[in-house]
Structure formats: structure tokens, C-alpha cells
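J.: Sharing a structure here in C-alpha cells format.
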Amino acid sequence: MNSDEIRERFLRFFEERGHTRLASASLVPPPSDRTVLLTTAGMQPLKPYFLGLETPPASRLTSCQKCFRTPDIEKVGSTLRHLTFFEMLGNFSIGDYFKQGAIELAWELSREVFGFSQEDIWVTVFAGDDELGLGPDEEAIELWQAVGVPRERIVGCARSENFWEAGPVGPSGPCSELYLDRGLHFGTPEDLPGTDNERFLEFWNLVFMQYDQNPHDHLTPLPARSIDTGLGLNRMAAILQGKDSVFETDQFWPLIELGQELSGQRYGQDQHADRALRILADHARGMSFMVADGVVPSNEDRGYVLRRLMRRAIQQGRRLQMPAGFLVRYANVVRELMGASYGELHQQREAIETWLSSEEDNFGRTLEQGTKLLDDVIARALAGGAQTIAASDAFTLHDTYGFPFELTTELASEHGLSVDEEGFASLMDSQRARARAAASSAGEQHDPREQARLFASQHASKTSFVGYDTQELTTTVDALAQDDGRLLVKLTESPFYPAGGGQIADQGELVCEQEGCLARVKDVFRLGDDQVLEVTLERGSLQPGERILARVDHLSRHATECNHTATHLLHAALRERLGTHVRQAGSYVGLDKLRFDFSHSHALSAQELADVEDQVNERILANEPVSAITTTLEEAKSLGAMALFGEKYGDVVRMVQIGDGSYSRELCGGTHVRTTAEIGLLRITAETSSAANVRRIEALTGPAAVTLVREHDRWLSEIARTLRAKPEDALRVVRERDEQRRALEKSLKSDTKRNGALDVAELAGRALDISGARVLTEAIDAPDAKALLDIADRVKGKLGDAAIVLGAAADGRVHLLVSIAPVLVQRGLNASELVKVAAAVVGGGGGGRDTMAQAGGRYPEKLNDALKAARTAIESALGG
């Protein structure tokens with residue numbers, strides 16, 4: 001049974017039993033989930049359903065979810081089972097069946113679909129935990145016995161093995177795991193499931209989700225008891241295909257074969273080569289899917305995880321002497337293997353190839369330099385009998401040369417050396433202490449959004465957002481709460497757009513019908529498909545059940561709409577001008593400006609920026625209609641609609657298209673203008689780096705853009721008046737004057753050189769004879785160190801074998817130069833030592849070679865004293 005068949009049979013089994021099939025969510029969690037950088041489990045995208053924050057599409061669900069787990073990165077390759085990227089099959093019950101249903105379904109599928117013998121299946125259950133205040137899961141034990149598992153094949157395990165937690169906080173619950181007994185030839189009669197052995201292979205985890213853990217170790221019951229199960233597709237493929245490891249299954253073996261082709265190595269003949277081939281196979285999958293889901297390599301957060309994955313793969317490929325461009329070759333095989341099930345691998349082919357090629361090229365140079373330096377560090381450590389590489393060496397490699405600490409640790413371990421991780425962490429902490437302190441301070445502040453969420457959770461009714469259709473309506477106050485001097489309000493219906501998708505929240509007011517009260521809307525919190533207003537009461541009072549007029553500030557809303565539609569036009573223009581690897585990486589859509597972050601590896605040229613701006617303004621002038629269409633997610637994707645990475649979409653989505661949609665279609669819940677002409681004008685004000693491989697454009701639209709253009713016109717007029725030219729001639733006049741300036745500077749330098757040449761003979765005539773050597777120590781008029789060097793060269797032509805010490809004072813600084821002929825070096829003179837003697841007098845320092853040295857100083861008034869000190873040192877050395 002191949003991997004595609006396993007996936008399909010699992011999902012179809014549960015569909016036939018009343019479960020709704022869900023497509024895999026992105027590896028990038030939605031902005032509302034800050035507990036993880038990447039999707040780590042099948043239930044991760046379903047957390048809002050388990051917590052009761054959102055309504056699920058059905059109470060029974062099944063999915064095959066893309067997952068990525070960072071703790072396993074260093075283990076990959078060294079074992080036959082650890083992976084970073086994997087597919088997790090699962091069935092979920094949200095307030096529907098619980099332990100009995102989950103156990104019965106798992107037992108049926110294991111035996112009747114996968115064909116496992118009843119005698120080969122063992123199970124583990126939660127044995128209890130004092131810190132959580134929970135005892136053994138006796139209910140699960142009884143239910144397993146009821147389906148036919150003997151008590152001796154039911155094993156109790158500790159919290160670390162059989163209590164599932166989404167993270168430090170979040171949904172959790174006891175679990176029960178299914179194991180396949182592979183027989184005594186894989187172990188001993190004493191082996192048990194849940195311990196470290198090869199006899200028992202875990203293949204399915206059933207989580208009985210019944211608690212919300214917040215804070216850590218504090219459990220409260222979830223709104224409804226639920227089921228979350230996880231069955232690793234790749235592990236099941238190894239079992240059903242009779243392979244000793246996942247790397248020999250149908251999803252991995254073609255990648256191993258590619259590695260053999262590129263390296264000339266044979267899998268199974270050398271443990272170091274085998275490890276490298278396994279790392280490349282796993283990491284190629286992970287990096288392909290991460291880029292396809294919008295992650296780009298950087299030095300922060302999930303971008304750093306991707307960069308670490310890429311660099312580890314690059315290091316292994318280079319170690320196996322693979323030809324350049326091997327990462328893209330791997331990505332092509334990943335796409336061939338999995339593109340039929342995951343269309344994003346085809347859709348994002350250009351982005352995947354762009355980022356993999358770029359990182360391989362860039363890191364190749366870093367790796368070559370860093371590896372040489374690390375080899376030296378390792379050699380010194382081994383020669384000195386050390387067992388640990390110093391933290392300072394690892395830090396220098398990381399901070400100065402960009403060599404990843406994890407790679408230093410890994411390469412050092414291959415030579416039996418450890419790295420001072422604690423010392424390295426201390427150095428890193430010292431470097432970013434200020435930033436860490438600021439982050440800590442921010443984390444301790446009052447979280448208004450969390451307070452709004454708690455307030456909303458106490459009220460079953462949800463606010464209906466009607467702001468797409470109207471900006472003013474009469475509605476009812478459902479609930480009120482005071483929080484830290486603020487007033488939180490829930491309305492029955494609301495025209496106010498809650499902050500989300502980069503767009504700021506609406507401003508506006510609430511006006512009472514009877515009492516004449518007035519409240520200003522300061523913020524609107526988005527809570528799934530619910531919302532809470534934060535208001536400031538200016539007059540009167542608000543009461544639950546009261547009828548009020550809710551009115552959006554139209555001018556603020558319209559200015560924000562102009563900026564939002566402009567970001568869609570900007571996104572489309574950037575993709576057309578730069579390539580389809582460009583994807584939105586963040587945005588700010590306010591009433592004052594727009595900010596658009598996008599994936600791209602380098603700064604835009606002036607011409608590229610001009611082309612993008614012109615293209616956007618052409619679309620604005622075309623007065624194209626902007627329409628929002630409600631459709632299915634599949635239909636929107638088939639039409640080519642762009643989706644925001646990390647956002648969570650349901651089966652029914654809102655798609656905003658401009659014109660006929662051929663230029664711009666995006667899934668978007670924001671508010672927009674009705675036609676592009678309403679935007680008026682777009683003016684790009686800045687293009688900068690936001691993060692590694694992420695660029696940022698800031699722009700103005702509408703009246704703000706017009707005001708900026710007028711201000712530029714005013715500046716141009718003032719410049720023209722200063723130049724006494726017409727505005728249209730200002731640029732020409734500036735260029736002419738710049739040419740005149742350059743000509744004058746060139747003439748001045750030429751005069752200076754001619755004047756200096758006239759003085760060389762006279763200057764050389766000041767040389768003294770000390771112990772048979774010609775010695776010149778003089779202060780001269782020179783603008784800088786370079787001029788001093790030029791004059792010294794000309795003087796040497798007059799004096800021949802001589803000792804020359806020249807000094808000059810310019811712009812409050814001292815410049816010193818010492819030139820010693822080789823024959824005088826043999827007599828004991830040293831230019832480097834002499835210049836240091838003179839520099840010490842003028843409060844400076846310097847150095848150089850035996851024959852030539854330079855220095856600087858801070859005290860021009862002591863220049864003559866410095867020259868005297870140098871002459872005295874020369875006399876002493878020559879015995880004069």
C-alpha cells in the first residue's frame with residue numbers, strides 16, 4: 001500500500017462514518033495562534049474549535065495535516081525514524097463521540113483497513129500525575145478490554161508519554177497509544193510499549209481532549225469533551241511496506257536515489273554518507289513545503305528554522321561533493337512525489353527554486369569560510385587535549401562569520417568535542433540584553449485583547465458584523481464590562497470593522513436613542529467570528545439592552561479602504577514586475593498610509609520602483625470596479641485567487657477582485673473602495689528591508705499622496721528660485737554646477753601637487769647626517785595621510801637611502817609617516833617602532849612594516865615634540 005493509498009483509505013474510512021474531510025492547513029499558523037512558529041500537529045488548526053472560540057464546519061472531522069517539528073532537526077539523519085516535516089492523519093470529534101467512539105473506530109480501522117492481527121496490537125494508557133491532580137485512566141482500560149484487548153497488553157505510562165499537550169498552554173488531555181508488536185526477533189520478552197526498544201512500534205495516538213491548560217499545570221474543563229487522534233502517515237507506510245525505516249518508503253526512496261546519483265555514494269555502505277543522504281531527503285521535503293507556504297529564509301522565527309534546515313542540507317551536500325544546484329534538484333523530486341496531493345508545490349515552483357538557489361549560493365561562501373575557521377578551532381582543541389570548544393570561538397563564528405551555532409555543535413561532535421553552550425548562550429544574552437529586557441517588559445503589560453476575549457467568552461451570543469453593507473445602523477447593547485478604566489461593549493450587530501488582515505479597526509461613535517449618551521469607539525477586537533468594542537464614554541451612560549445608533553467614521557473608513565485596495569494593486573504590480581516568487585509577508589493598512597512587506601531577496605532599483613508605481617496608477621486611472629464575491633475556497637483557488645499565508649480559511653471565503661479579476665484576485669475580509677479611481681493616486685515614499693529576504697514598501701494614497709506631490713512641487717520651486725532658474729531647468733542647472741565643482745576640485749588638486757613638487761628639493765635639503773645616515777624629521781603642510789605619503793615618495797627620490805619622519809596637522813588631527821630604507825633597517829631602525837614613539841606623544845597610535853609605517857593622533861599642538869621624540873629614537877638606534 002503506497003503513501004497516497006494509505007492517506008486516501010484513512011480519510012475515506014472516516015468520511016464513510018460521518019466525518020467531514022478537511023484540507024490541510026498551512027504550515028504557518030494563523031496570526032491569532034502565537035503558541036507555535038509552525039503547525040506541529042493535526043489538531044493545531046482546530047484549536048479554536050476545541051476551545052469553543054469558533055464554530056466547526058461539523059462535529060466530526062478528518063484530515064491529513066502538514067506538520068513540522070523543530071526539536072527533531074538535530075536528530076534527523078542519525079536515526080531511522082526522526083523527521084522534521086511529516087503528514088499527520090487524524091480524526092476529530094468536537095463535542096460528539098468521546099473515548100468509546102474513538103477506541104472502537106481505531107480498533108476497526110487498524111484491523112479491517114490496515115490488516116493488523118488482533119494479537120499484535122498493544123495499547124498504552126495514562127497512569128496519572130500528581131502535579132495535574134489526575135489518577136489513572138480506568139475508563140480507557142475498560143473500553144480497550146471491551147473491544148478485545150487483554151489486560152496484559154494494556155500498559156500504563158507516565159505524563160511524559162501519555163498526556164498530550166498542544167504546548168505550555170492550550171488544549172490537552174490523557175491519551176492512549178496503539179503499538180504494533182513486531183516480535184521477539186526485534187527485542188526481548190521484557191520489552192513493553194512506551195519504553196525505548198525496537199520491538200514495539202507506536203502508530204496511532206488517541207487524545208481524549210477534555211482540558212484547557214492555562215497557565216501551565218492548571219487544568220480547566222473544555223466547553224465540550226472532544227477527540228483528537230494522530231497517525232503518522234510515513235511511519236504507517238514503513239509498517240505496511242515492510243521497510244525498516246521511513247527513508248526506504250515510496251515518499252523517501254526516490255530522494256535517497258537522487259542523493260546516490262549526485263554524490264556517487266551507495267546507501268547502506270557508509271554510515272556517514274547514509275546520515276547525510278537521510279538529512280538531505282528529509283530537509284528537502286521540509287524546505288519545499290515551508291517555502292510553498294510562504295516562509296522565506298531569515299534570521300528570525302520560522303524564517304530562521306527554514307534557513308537552519310537549508311544550511312544543514314547544504315553542508316551535507318557539500319560534504320558529499322554534490323554539484324552546485326543540488327537543492328533545486330531535490331525540490332523537483334519532492335514536487336514530483338507529492339505535487340498531486342499538494343498543489344502548492346506546483347503553484348509556488350518559482351518561489352521554491354528562487355529561494356533554494358539563492359540560499360545555496362549565499363551560504364556556500366559562508367560555509368566554505370566558516371568551515372575552514374572551525375577546522376582550525378577543532379585542530380587547536382584536539383592538539384591541546386581539550387574536550388570542549390570555547391564559547392568565544394563559537395560566538396565569533398556565529399556573530400562575525402554567520403556560521404550557525406547548531407552547525408558548529410554538530411561538526412564538533414563528529415570529532416568527539418562538545419561546545420560550551422552555556423557560555424555561548426550567555427554571550428548571546430549579553431548581545432541582545434536590551435532587546436530582551438524590552439520584550440520582557442512588553443510581555444508583562446496588560447493585554448487588552450485577552451481581556452476582551454475573556455469578556456466575550458462569558459456571553460454566548462456573538463456579534464454579527466454588517467459593516468460591508470452599511471456604516472450606520474440602530475442596534476442593541478448586548479453586554480458591558482469595565483476593564484482597567486476602559487469600557488468593553490458587545491453589540492447585537494456592528495458596522496465596525498475589527499482589526500485584522502493588516503487593516504486597522506474602524507473608529508466611530510455610539511449614540512443613545514433616549515438618554516443622549518455618546519461613546520467614542522477607540523478599538524475593535526476581532527475574536528474569531530465575534531468582536532468586542534473598546535469605547536470611551538464622553539456623555540451619559542450605556543446600559544445592557546439599550547438601543548443605540550452605531551456610526552462608523554466615514555472619512556477614516558474611506559481613507560483606509562483606499563489604502564487597502566492599493567495594497568492589492570501593489571501586490572499584483574510587484575509580482576508582474578519582479579516575479580511570482582513575490583508573496584505578501586505582512587502589511588499595515590491604516591487611514592494615514594499603507595505598508596506592504598513582501599518576499600524578495602534584494603532592494604528594488606529606481607527603475608523597478610518607478611515601473612511598479614506607474615503600473616498601480618494606471619490601474620487607478622482605469623477606474624476599474626472592485627467587487628467582493630462570496631464563493632467556495634476551492635472555486636477561489638481554481639480562479640487563481642491569492643491567499644495570505646498563515647491565514648485560516650473556511651470552506652466559504654470572501655474574494656476581492658479588481659476589474660475582471662485577471663490582474664488581481666485575493667482572499668480578503670477587509671473593506672475596499674468601489675472603484676479604483678476612488679484611490680486617486682499612489683505615491684511610494686520608501687522601499688527598505690523589513691527582514692532577511694523581506695522587503696518593505698511604504699506609500700500614500702488619495703489626499704495624503706496629493707499633499708506629498710504638492711510639497712515636492714513646492715520644494716522644486718524653492719530650489720529653482722535658489723538657483724535662479726525655471727523649475728523645469730533646475731535639474732540641468734544643478735548638473736552643470738556639479739560639473740563645475742568637479743572641475744574646480746580637480747584643478748585645485750593639480751595645483752597642490754605642483755606646489756608640493758616645487759618644495760621637494762628644499763624639503764630634502766633639511767635632512768641631517770646622523771652617524772652616516774641621511775635623516776629627515778619635519779612637519780609639513782599636507783591635507784591628509786595620502787598627501788603625506790605622496791610627498792614622502794618624492795623626497796625619497798631626492799635622498800636615496802634615508803630615514804624619513806614626516807608629520808602634518810589637519811582638521812584637528814595629526815598624521816605621521818615613517819619611511820626607513822632597507823639598509824638602515826639592517827642597522828637597527830624600525831619604522832613601526834618609530835611611528836609608535838611619535839604617536840604616543842600626540843595621543844594616538846599606529847603601526848606598519850619595518851620600512852613603512854603610519855599613525856594618527858589627537859593633539860596637533862604636540863606635533864613638533866613628537867618629531868623630536870622620533871629623531872631622538874633614531875639617534876639612539878644609530879649610535880649618534
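If you're wondering about the labels, chains in the C-alpha cells are A, B, ... by order shown, residues count from 1 in each chain, ligands from 1 in order shown.
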Can you tell me, as a count of residues only, what residues are no more than 10 Å from region 469-484 of chain A when counting only C-alpha atoms, ignoring any on the same chain fewer than 4 positions away?
T.: 46
J.: Please list as a VMD selection string every residue within 10 Å of region 60-69 of chain A, counting only C-alpha atoms and excluding residues in the same chain fewer than 6 positions away.
T.: chain A and resid 7 to 8 10 to 15 17 to 28 36 to 46 82 to 97 226 to 233 286 289 to 290 305 342
J.: Within 7 Å of Gly807 (chain A), counting only C-alpha atoms, which residues qualify if same-chain residues fewer than 3 places away don't, as a list in words?
T.: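 Everything that qualifies: Glu778, Ala779, Ile780, His815, Leu816, Leu817 and Leu863 of chain A.
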J.: Rank A:Phe98, A:Phe203, A:Phe405, A:Tyr663 by their smallest atom-to-atom distance to Gln615 (chain A), using only C-alpha atoms, and report the top residue only.
T.: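 For Gln615 (chain A), the nearest of the candidates is A:Tyr663.
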J.: Quick one: contact table of region 340-375 of chain A to region 585-605 of chain A, 12 Å max, nearest atom pair and distance in Å to one decimal per residue, counting only C-alpha atoms, chain and number order, as CSV?
T.:
residue,atom,partner,partner_atom,distance
A:Ala351,CA,A:Ser599,CA,9.1
A:Ile352,CA,A:Ser599,CA,11.7
A:Thr354,CA,A:Ser601,CA,9.2
A:Trp355,CA,A:Ser601,CA,8.3
A:Leu356,CA,A:Ser601,CA,11.6
A:Ser357,CA,A:Ser601,CA,11.4
A:Ser358,CA,A:Ser601,CA,8.2
A:Glu359,CA,A:Ser601,CA,9.9
A:Asn362,CA,A:Ser601,CA,11.1
J.: List the spatial neighbours of Asn197 (chain A) as JSON, numbers by chain - criterion: any atom at most 12 Å away, only C-alpha atoms, same-chain residues fewer than 4 positions off excluded.
T.: {"A": [179, 181, 182, 183, 184, 185, 186, 187, 188, 189, 190, 191, 192, 193, 201, 202]}
J.: For the residues in that selection, give me all heavy atoms as a short mmCIF file (atom, residue, chain, number, x, y, z; two decimals), in the first residue's frame.
T.:
data_model
loop_
_atom_site.label_atom_id
_atom_site.label_comp_id
_atom_site.auth_asym_id
_atom_site.auth_seq_id
_atom_site.Cartn_x
_atom_site.Cartn_y
_atom_site.Cartn_z
N TYR A 179 0.25 0.35 19.63
CA TYR A 179 1.58 -0.14 19.25
C TYR A 179 1.45 -1.44 18.49
O TYR A 179 0.56 -2.26 18.77
CB TYR A 179 2.44 -0.39 20.48
CG TYR A 179 2.99 0.86 21.13
CD1 TYR A 179 2.19 1.65 21.94
CD2 TYR A 179 4.31 1.24 20.93
CE1 TYR A 179 2.69 2.79 22.55
CE2 TYR A 179 4.83 2.38 21.54
CZ TYR A 179 4.01 3.15 22.34
OH TYR A 179 4.51 4.28 22.93
N ASP A 181 3.31 -4.93 17.81
CA ASP A 181 4.35 -5.82 18.32
C ASP A 181 5.00 -6.52 17.13
O ASP A 181 4.38 -7.34 16.44
CB ASP A 181 3.72 -6.86 19.26
CG ASP A 181 4.77 -7.78 19.89
OD1 ASP A 181 5.96 -7.64 19.56
OD2 ASP A 181 4.37 -8.63 20.70
N ARG A 182 6.28 -6.19 16.86
CA ARG A 182 6.97 -6.74 15.69
C ARG A 182 7.64 -8.08 15.98
O ARG A 182 8.24 -8.67 15.08
CB ARG A 182 8.01 -5.74 15.18
CG ARG A 182 7.37 -4.41 14.77
CD ARG A 182 8.28 -3.63 13.85
NE ARG A 182 9.47 -3.14 14.52
CZ ARG A 182 10.51 -2.57 13.88
NH1 ARG A 182 10.48 -2.46 12.58
NH2 ARG A 182 11.55 -2.13 14.57
N GLY A 183 7.55 -8.55 17.23
CA GLY A 183 8.05 -9.88 17.54
C GLY A 183 9.34 -9.88 18.32
O GLY A 183 10.04 -8.88 18.42
N LEU A 184 9.65 -11.07 18.87
CA LEU A 184 10.81 -11.21 19.75
C LEU A 184 12.14 -11.06 19.00
O LEU A 184 13.17 -10.78 19.62
CB LEU A 184 10.77 -12.56 20.46
CG LEU A 184 9.68 -12.70 21.53
CD1 LEU A 184 9.67 -14.11 22.10
CD2 LEU A 184 9.90 -11.68 22.65
N HIS A 185 12.14 -11.22 17.67
CA HIS A 185 13.40 -11.04 16.95
C HIS A 185 13.79 -9.57 16.88
O HIS A 185 14.89 -9.23 16.43
CB HIS A 185 13.34 -11.64 15.54
CG HIS A 185 12.20 -11.16 14.70
ND1 HIS A 185 10.88 -11.50 14.95
CD2 HIS A 185 12.18 -10.34 13.62
CE1 HIS A 185 10.10 -10.94 14.05
NE2 HIS A 185 10.86 -10.22 13.23
N PHE A 186 12.89 -8.66 17.33
CA PHE A 186 13.22 -7.23 17.44
C PHE A 186 13.49 -6.82 18.89
O PHE A 186 13.76 -5.65 19.15
CB PHE A 186 12.07 -6.36 16.89
CG PHE A 186 12.02 -6.32 15.39
CD1 PHE A 186 11.17 -7.16 14.69
CD2 PHE A 186 12.81 -5.43 14.67
CE1 PHE A 186 11.11 -7.13 13.30
CE2 PHE A 186 12.76 -5.39 13.29
CZ PHE A 186 11.90 -6.24 12.60
N GLY A 187 13.39 -7.76 19.84
CA GLY A 187 13.59 -7.38 21.23
C GLY A 187 13.54 -8.58 22.16
O GLY A 187 13.84 -9.72 21.77
N THR A 188 13.09 -8.32 23.39
CA THR A 188 13.07 -9.36 24.43
C THR A 188 11.67 -9.46 25.02
O THR A 188 10.85 -8.55 24.87
CB THR A 188 14.06 -9.01 25.56
OG1 THR A 188 13.57 -7.87 26.27
CG2 THR A 188 15.44 -8.71 24.99
N PRO A 189 11.38 -10.54 25.75
CA PRO A 189 10.07 -10.67 26.40
C PRO A 189 9.81 -9.58 27.43
O PRO A 189 8.66 -9.31 27.77
CB PRO A 189 10.15 -12.05 27.06
CG PRO A 189 11.17 -12.79 26.27
CD PRO A 189 12.18 -11.77 25.87
N GLU A 190 10.88 -8.95 27.95
CA GLU A 190 10.71 -7.91 28.98
C GLU A 190 10.34 -6.56 28.38
O GLU A 190 9.94 -5.64 29.10
CB GLU A 190 12.01 -7.76 29.79
CG GLU A 190 12.32 -8.92 30.72
CD GLU A 190 12.77 -10.15 29.98
OE1 GLU A 190 13.43 -9.98 28.90
OE2 GLU A 190 12.45 -11.27 30.43
N ASP A 191 10.50 -6.36 27.07
CA ASP A 191 10.18 -5.08 26.44
C ASP A 191 8.69 -4.77 26.56
O ASP A 191 7.84 -5.68 26.53
CB ASP A 191 10.55 -5.10 24.95
CG ASP A 191 12.04 -5.09 24.73
OD1 ASP A 191 12.76 -4.63 25.64
OD2 ASP A 191 12.49 -5.54 23.65
N LEU A 192 8.38 -3.48 26.71
CA LEU A 192 6.99 -3.04 26.80
C LEU A 192 6.80 -1.80 25.94
O LEU A 192 7.74 -1.04 25.70
CB LEU A 192 6.62 -2.72 28.25
CG LEU A 192 6.45 -3.87 29.23
CD1 LEU A 192 6.23 -3.34 30.64
CD2 LEU A 192 5.28 -4.76 28.80
N PRO A 193 5.58 -1.53 25.47
CA PRO A 193 5.29 -0.29 24.77
C PRO A 193 5.58 0.91 25.68
O PRO A 193 5.43 0.83 26.91
CB PRO A 193 3.80 -0.38 24.46
CG PRO A 193 3.48 -1.84 24.50
CD PRO A 193 4.39 -2.41 25.54
N LEU A 201 6.33 -0.72 18.02
CA LEU A 201 6.32 0.47 17.16
C LEU A 201 4.98 1.19 17.31
O LEU A 201 3.92 0.64 16.96
CB LEU A 201 6.55 0.06 15.71
CG LEU A 201 6.86 1.17 14.72
CD1 LEU A 201 8.16 1.88 15.09
CD2 LEU A 201 6.95 0.61 13.30
N GLU A 202 5.03 2.40 17.86
CA GLU A 202 3.80 3.18 18.05
C GLU A 202 3.30 3.70 16.70
O GLU A 202 4.07 4.23 15.92
CB GLU A 202 4.07 4.36 18.99
CG GLU A 202 2.82 5.17 19.30
CD GLU A 202 2.90 6.60 18.80
OE1 GLU A 202 3.97 7.20 18.88
OE2 GLU A 202 1.86 7.09 18.32
#
J.: Would you mind listing what lies within 6 Å of region 379-391 of chain A as an mmCIF file with all heavy atoms, in the first residue's frame, with only C-alpha atoms counted and same-chain residues fewer than 5 positions away left out?
T.:
data_model
loop_
_atom_site.group_PDB
_atom_site.id
_atom_site.type_symbol
_atom_site.label_atom_id
_atom_site.label_comp_id
_atom_site.auth_asym_id
_atom_site.auth_seq_id
_atom_site.Cartn_x
_atom_site.Cartn_y
_atom_site.Cartn_z
ATOM 1 N N LEU A 417 34.125 16.360 20.259
ATOM 2 C CA LEU A 417 34.203 17.589 21.047
ATOM 3 C C LEU A 417 32.807 18.141 21.314
ATOM 4 O O LEU A 417 31.909 18.037 20.480
ATOM 5 C CB LEU A 417 35.015 18.652 20.298
ATOM 6 C CG LEU A 417 36.488 18.340 20.020
ATOM 7 C CD1 LEU A 417 37.079 19.398 19.102
ATOM 8 C CD2 LEU A 417 37.275 18.275 21.330
ATOM 9 N N SER A 418 32.653 18.730 22.467
ATOM 10 C CA SER A 418 31.418 19.455 22.777
ATOM 11 C C SER A 418 31.691 20.949 22.625
ATOM 12 O O SER A 418 32.813 21.373 22.388
ATOM 13 C CB SER A 418 30.959 19.147 24.208
ATOM 14 O OG SER A 418 31.946 19.565 25.141
ATOM 15 N N VAL A 419 30.641 21.736 22.742
ATOM 16 C CA VAL A 419 30.759 23.196 22.668
ATOM 17 C C VAL A 419 30.167 23.777 23.943
ATOM 18 O O VAL A 419 29.162 23.266 24.459
ATOM 19 C CB VAL A 419 30.008 23.754 21.433
ATOM 20 C CG1 VAL A 419 30.164 25.267 21.347
ATOM 21 C CG2 VAL A 419 30.541 23.111 20.159
ATOM 22 N N ASP A 420 30.794 24.808 24.462
ATOM 23 C CA ASP A 420 30.305 25.459 25.679
ATOM 24 C C ASP A 420 29.007 26.193 25.364
ATOM 25 O O ASP A 420 28.998 27.390 25.082
ATOM 26 C CB ASP A 420 31.372 26.433 26.200
ATOM 27 C CG ASP A 420 30.932 27.124 27.494
ATOM 28 O OD1 ASP A 420 29.833 26.808 28.001
ATOM 29 O OD2 ASP A 420 31.672 28.001 27.969
ATOM 30 N N GLY A 423 28.058 29.030 27.902
ATOM 31 C CA GLY A 423 28.829 30.248 27.676
ATOM 32 C C GLY A 423 28.389 30.970 26.423
ATOM 33 O O GLY A 423 28.315 32.203 26.384
ATOM 34 N N PHE A 424 28.075 30.195 25.358
ATOM 35 C CA PHE A 424 27.589 30.800 24.117
ATOM 36 C C PHE A 424 26.269 31.524 24.360
ATOM 37 O O PHE A 424 26.069 32.655 23.901
ATOM 38 C CB PHE A 424 27.420 29.725 23.048
ATOM 39 C CG PHE A 424 26.846 30.244 21.754
ATOM 40 C CD1 PHE A 424 27.675 30.841 20.808
ATOM 41 C CD2 PHE A 424 25.490 30.137 21.484
ATOM 42 C CE1 PHE A 424 27.154 31.321 19.617
ATOM 43 C CE2 PHE A 424 24.961 30.619 20.295
ATOM 44 C CZ PHE A 424 25.796 31.214 19.367
#
J.: Counting only C-alpha atoms, which of A:Met642, A:Leu570, A:Ala787, A:Ala773 gets nearest to Ile684 (chain A)?
T.: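 Answer, going by the shortest atom-to-atom distance: A:Leu570.
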J.: Using only C-alpha atoms, determine which residues lie at most 9 Å from Glu161 (chain A), disregarding the query and same-chain residues fewer than 2 positions distant; provide the list as a PyMOL selection string.
T.: chain A and resi 124-126+157-159+163-164+175+194
J.: From a backbone DSSP assignment, name each residue in region 62-278 of chain A labelled strand (DSSP E or B), as a PyMOL selection string.
T.: chain A and resi 62-68+76+79+85-94+121-126+129+134+154-157+163-165+170-181+200-213+219-232
J.: What gap, in Å, lies between CA of Asn234 (chain A) and CA of Ala284 (chain A)?
T.: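 Atom-to-atom, CA of Asn234 (chain A) to CA of Ala284 (chain A), that is 15.4 Å.
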J.: Leaving out Ile629 (chain A) and any residue of its chain fewer than 5 positions from it, which residues lie within 7 Å of it when counting only C-alpha atoms, given as a ChimeraX atom specification?
T.: /A:654-656
J.: With N, CA and C atoms retained, export the selected residues as an mmCIF file, in the first residue's frame.
T.:
data_model
loop_
_atom_site.group_PDB
_atom_site.id
_atom_site.type_symbol
_atom_site.label_atom_id
_atom_site.label_comp_id
_atom_site.auth_asym_id
_atom_site.auth_seq_id
_atom_site.Cartn_x
_atom_site.Cartn_y
_atom_site.Cartn_z
ATOM 1 N N ARG A 654 -14.390 34.941 1.166
ATOM 2 C CA ARG A 654 -14.683 36.225 0.510
ATOM 3 C C ARG A 654 -13.492 36.565 -0.382
ATOM 4 N N MET A 655 -13.771 36.728 -1.656
ATOM 5 C CA MET A 655 -12.728 37.004 -2.636
ATOM 6 C C MET A 655 -12.930 38.411 -3.202
ATOM 7 N N VAL A 656 -11.876 39.215 -3.128
ATOM 8 C CA VAL A 656 -11.935 40.578 -3.668
ATOM 9 C C VAL A 656 -11.190 40.597 -4.994
#
J.: Can you list every residue of region 493-566 of chain A that has an atom at most 12 Å from region 616-622 of chain A, with its nearest atom pair and the distance in Å to one decimal, using only C-alpha atoms, ordered by chain then number, as CSV?
T.:
residue,atom,partner,partner_atom,distance
A:Cys562,CA,A:Ile620,CA,10.4
A:Asn563,CA,A:Ile620,CA,11.9
A:Thr565,CA,A:Ile620,CA,9.9
A:Ala566,CA,A:Val616,CA,7.7
J.: If DSSP is run on the backbone, what residues of region 730-846 of chain A are alpha helix (DSSP H)? A reply as number ranges by chain would be ideal.
T.: A: 730-764, 785-799, 822-825, 831-841
J.: Nearest to Val709 (chain A) among A:Thr685, A:Pro727, A:His415, A:Leu80, with distances taken over only C-alpha atoms: which residue is it?
T.: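 That would be A:Thr685, the residue with the smallest distance to Val709 (chain A).
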J.: So what do you get for CA of Ile874 (chain A) versus CA of Arg794 (chain A), distance-wise?
T.: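 Atom-to-atom, CA of Ile874 (chain A) to CA of Arg794 (chain A), that is 21.4 Å.
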J.: How many Å separate CA of Ser664 (chain A) from CA of Thr676 (chain A)?
T.: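 Distance reported for this atom pair: 12.0 Å.
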